[in-house]
Amino acid sequence: METRKKISVIVPCFNEEEGLPTFNKELIRVLPETYFHEIIYVNDGSSDNTFRVILALAKENPTIKYISFSRNFGHQNALKAGYDFASGDCAISLDADLQHPPDVIPALISKWEEGFEIVNTIRNDHASITYTKKISSGIFYKIMRKLSDVNIENGMADFRLIDKKVLKQLKLFNENFLFFRGLIPWMGFSQTNVEFTAAERFAGTTKYTLKKMLKFATTGVTAFSVKPLRLSIYFGSVIAVLSFIYGLYAAYIHIFTDLAITGWTSVILSVLFVGGINLLMLGIIGEYLGKLFIENKRRPNYLISETNLGE
Ligand code: UDP
Ligand code: MG
């Protein structure tokens, strides 16, 4: 009886036509032959020839599977689709641009063989990562740790291995606003980290525009914490105390001195200040309300237009 274990590799692809053939070669080269494997390419609504490239690869190699979305549903949903369909004893996810070096995969597998159920990777910041990306990701992880109760380490990447036990649980998650970097550490099980040095993007340009990045960061915070909602209580209390002190001062001026002239500056300042805080808090409440609204529809995370899986 064959006892070889099977590894599922999940690769989200959005407009990666240029680099994909090289990536595929590199990936197959590093996958240990002592395991079976399946490679699941998730085409996240690419507008270039990515899907045709994937189809050509799949034609040559029966271990290559594909899931093609009906439109762009985003990186995290592409990962979810991969996790939903993965049938291996473990699943490894990595980016298609060779920034997550495939040569780290054997290290992930050996940690898994040691008994770890989740092997995360931490990106060692490297010259190839832009300065703004380093700073913004540093700030982001700091805020995430402060606000949520999940310990997300700096540079945590969506390059990880999870055991089929974890995969089985993960398939039960039905949330629309996914943030795997928070969700996976939150899940528990026995976890460990492996460090890697991010390489330069092999081909094409980043698919994470500033807009996508901001959306992703907001989801990261709001999917894991209700602390921002509590801000209004803190702001409210501070303003109440300050107003009370100012009220005492105003009363003193009025009663004991003859300096009580109409103070335009203080009035306009306090109106603007309180107005600003009000809007900020409404915005935060709106953000959560909007997410509740969408979550409540229970829409699927993605729609598949073509696949060679589960047929
Ligand atoms: N990606 C995706 N859908 C998107 C954006 C990105 O599937 O809407 C994929 C992309 O093809 C790549 C991975 O997610 O495999 C990470 O994206 P990218 O390398 O552009 O991000 P960066 O490394 O610049 O943060
Ligand atoms: Mg990249």
# chains A, B, ... in the order shown; residues from 1 in each chain; ligands from 1
>>> residues_around(residues="A:Phe51", least_positions_apart="5", cutoff="9 Å", atoms="only C-alpha atoms", output="count of residues only")
9
>>> select_by_dssp(residues="stretch 97-150 of chain A", states="alpha helix (DSSP H)", output="VMD selection string")
chain A and resid 105 to 114 131 to 147
>>> closest_residue(among="A:Tyr83, A:Phe73, A:Tyr41, A:Phe177", to="A:Glu295", atoms="only C-alpha atoms")
A:Phe177
>>> closest_atom_pairs(of="chain A", to="ligand 1", cutoff="6 Å", atoms="only C-alpha atoms and all ligand atoms", output="tab-separated table")
residue	atom	partner	partner_atom_place_in_ligand_line	distance
A:Pro12	CA	ligand 1	7 (O)	4.2
A:Cys13	CA	ligand 1	11 (O)	3.5
A:Phe14	CA	ligand 1	11 (O)	3.8
A:Glu16	CA	ligand 1	11 (O)	5.8
A:Asp44	CA	ligand 1	7 (O)	5.0
A:Asn72	CA	ligand 1	8 (O)	6.0
A:Gly74	CA	ligand 1	8 (O)	3.7
A:His75	CA	ligand 1	3 (N)	3.7
A:Ala78	CA	ligand 1	7 (O)	5.7
A:Asp95	CA	ligand 1	15 (O)	3.6
A:Ala96	CA	ligand 1	15 (O)	3.9
A:Asp97	CA	ligand 1	15 (O)	5.6
A:Thr206	CA	ligand 1	20 (O)	3.5
A:Lys207	CA	ligand 1	20 (O)	3.3
A:Tyr208	CA	ligand 1	20 (O)	4.9
>>> residues_around(residues="A:Asp89", least_positions_apart="2", cutoff="12 Å", atoms="only C-alpha atoms", output="list in words")
Thr3, Arg4, Lys5, Lys6, Ile7, Ser8, Val9, Tyr35, Phe36, His37, Glu38, Tyr83, Ala86, Ser87, Ala91, Ile92, Ile109, Trp112, Glu113, Glu117, Leu161, Ile162, Asp163, Lys164, Lys165, Val166, Leu167 and Lys168 of chain A
>>> decode(residues="stretch 191-202 of chain A", atoms="all heavy atoms", output="mmCIF file, in the first residue's frame")
data_model
loop_
_atom_site.group_PDB
_atom_site.id
_atom_site.type_symbol
_atom_site.label_atom_id
_atom_site.label_comp_id
_atom_site.auth_asym_id
_atom_site.auth_seq_id
_atom_site.Cartn_x
_atom_site.Cartn_y
_atom_site.Cartn_z
ATOM 1 N N GLN A 191 1.975 25.830 16.491
ATOM 2 C CA GLN A 191 2.456 26.687 15.402
ATOM 3 C C GLN A 191 3.931 26.979 15.562
ATOM 4 O O GLN A 191 4.458 27.017 16.664
ATOM 5 C CB GLN A 191 1.723 28.035 15.417
ATOM 6 C CG GLN A 191 0.231 27.913 15.427
ATOM 7 C CD GLN A 191 -0.472 29.142 14.854
ATOM 8 O OE1 GLN A 191 0.154 30.057 14.338
ATOM 9 N NE2 GLN A 191 -1.791 29.146 14.952
ATOM 10 N N THR A 192 4.566 27.208 14.458
ATOM 11 C CA THR A 192 5.948 27.662 14.506
ATOM 12 C C THR A 192 6.192 28.604 13.339
ATOM 13 O O THR A 192 5.346 28.720 12.445
ATOM 14 C CB THR A 192 6.935 26.474 14.490
ATOM 15 O OG1 THR A 192 8.251 26.971 14.683
ATOM 16 C CG2 THR A 192 6.898 25.740 13.153
ATOM 17 N N ASN A 193 7.313 29.294 13.357
ATOM 18 C CA ASN A 193 7.630 30.236 12.286
ATOM 19 C C ASN A 193 8.917 29.847 11.590
ATOM 20 O O ASN A 193 9.828 29.331 12.207
ATOM 21 C CB ASN A 193 7.832 31.635 12.853
ATOM 22 C CG ASN A 193 6.575 32.171 13.489
ATOM 23 O OD1 ASN A 193 5.469 31.811 13.094
ATOM 24 N ND2 ASN A 193 6.733 33.034 14.486
ATOM 25 N N VAL A 194 8.968 30.164 10.326
ATOM 26 C CA VAL A 194 10.200 30.012 9.567
ATOM 27 C C VAL A 194 10.463 31.369 8.923
ATOM 28 O O VAL A 194 9.532 32.008 8.440
ATOM 29 C CB VAL A 194 10.023 28.925 8.471
ATOM 30 C CG1 VAL A 194 11.157 28.968 7.464
ATOM 31 C CG2 VAL A 194 9.923 27.555 9.107
ATOM 32 N N GLU A 195 11.710 31.833 8.971
ATOM 33 C CA GLU A 195 11.998 33.123 8.353
ATOM 34 C C GLU A 195 12.414 32.955 6.906
ATOM 35 O O GLU A 195 12.982 31.938 6.533
ATOM 36 C CB GLU A 195 13.118 33.838 9.118
ATOM 37 C CG GLU A 195 12.659 34.280 10.476
ATOM 38 C CD GLU A 195 13.580 35.310 11.101
ATOM 39 O OE1 GLU A 195 14.517 35.793 10.412
ATOM 40 O OE2 GLU A 195 13.343 35.637 12.268
ATOM 41 N N PHE A 196 12.094 33.957 6.115
ATOM 42 C CA PHE A 196 12.586 33.923 4.731
ATOM 43 C C PHE A 196 12.913 35.334 4.291
ATOM 44 O O PHE A 196 12.427 36.305 4.864
ATOM 45 C CB PHE A 196 11.561 33.281 3.801
ATOM 46 C CG PHE A 196 10.381 34.156 3.452
ATOM 47 C CD1 PHE A 196 10.376 34.904 2.289
ATOM 48 C CD2 PHE A 196 9.281 34.214 4.297
ATOM 49 C CE1 PHE A 196 9.284 35.713 1.975
ATOM 50 C CE2 PHE A 196 8.188 35.016 3.994
ATOM 51 C CZ PHE A 196 8.188 35.770 2.821
ATOM 52 N N THR A 197 13.754 35.433 3.303
ATOM 53 C CA THR A 197 14.091 36.730 2.756
ATOM 54 C C THR A 197 13.321 36.920 1.470
ATOM 55 O O THR A 197 13.434 36.099 0.555
ATOM 56 C CB THR A 197 15.598 36.820 2.472
ATOM 57 O OG1 THR A 197 16.268 36.436 3.674
ATOM 58 C CG2 THR A 197 15.995 38.210 2.082
ATOM 59 N N ALA A 198 12.513 37.970 1.435
ATOM 60 C CA ALA A 198 11.694 38.193 0.252
ATOM 61 C C ALA A 198 12.579 38.562 -0.921
ATOM 62 O O ALA A 198 13.491 39.370 -0.794
ATOM 63 C CB ALA A 198 10.692 39.307 0.509
ATOM 64 N N ALA A 199 12.297 37.945 -2.035
ATOM 65 C CA ALA A 199 13.059 38.264 -3.236
ATOM 66 C C ALA A 199 12.375 39.404 -3.969
ATOM 67 O O ALA A 199 11.274 39.819 -3.615
ATOM 68 C CB ALA A 199 13.138 37.037 -4.121
ATOM 69 N N GLU A 200 13.026 39.863 -4.984
ATOM 70 C CA GLU A 200 12.435 40.884 -5.843
ATOM 71 C C GLU A 200 11.309 40.220 -6.630
ATOM 72 O O GLU A 200 11.385 39.038 -6.945
ATOM 73 C CB GLU A 200 13.510 41.377 -6.802
ATOM 74 C CG GLU A 200 13.359 42.807 -7.197
ATOM 75 C CD GLU A 200 14.501 43.685 -6.652
ATOM 76 O OE1 GLU A 200 15.563 43.170 -6.265
ATOM 77 O OE2 GLU A 200 14.294 44.874 -6.622
ATOM 78 N N ARG A 201 10.261 40.991 -6.966
ATOM 79 C CA ARG A 201 9.199 40.447 -7.790
ATOM 80 C C ARG A 201 9.810 39.980 -9.103
ATOM 81 O O ARG A 201 10.556 40.721 -9.741
ATOM 82 C CB ARG A 201 8.160 41.532 -8.033
ATOM 83 C CG ARG A 201 6.846 40.986 -8.458
ATOM 84 C CD ARG A 201 5.821 42.090 -8.565
ATOM 85 N NE ARG A 201 4.516 41.629 -8.079
ATOM 86 C CZ ARG A 201 3.789 40.730 -8.724
ATOM 87 N NH1 ARG A 201 4.225 40.197 -9.835
ATOM 88 N NH2 ARG A 201 2.624 40.354 -8.239
ATOM 89 N N PHE A 202 9.519 38.764 -9.503
ATOM 90 C CA PHE A 202 10.174 38.200 -10.668
ATOM 91 C C PHE A 202 9.720 38.862 -11.978
ATOM 92 O O PHE A 202 10.518 39.183 -12.846
ATOM 93 C CB PHE A 202 9.932 36.689 -10.724
ATOM 94 C CG PHE A 202 10.453 36.057 -11.971
ATOM 95 C CD1 PHE A 202 11.814 35.898 -12.151
ATOM 96 C CD2 PHE A 202 9.590 35.664 -12.983
ATOM 97 C CE1 PHE A 202 12.304 35.329 -13.320
ATOM 98 C CE2 PHE A 202 10.074 35.094 -14.143
ATOM 99 C CZ PHE A 202 11.436 34.932 -14.315
#
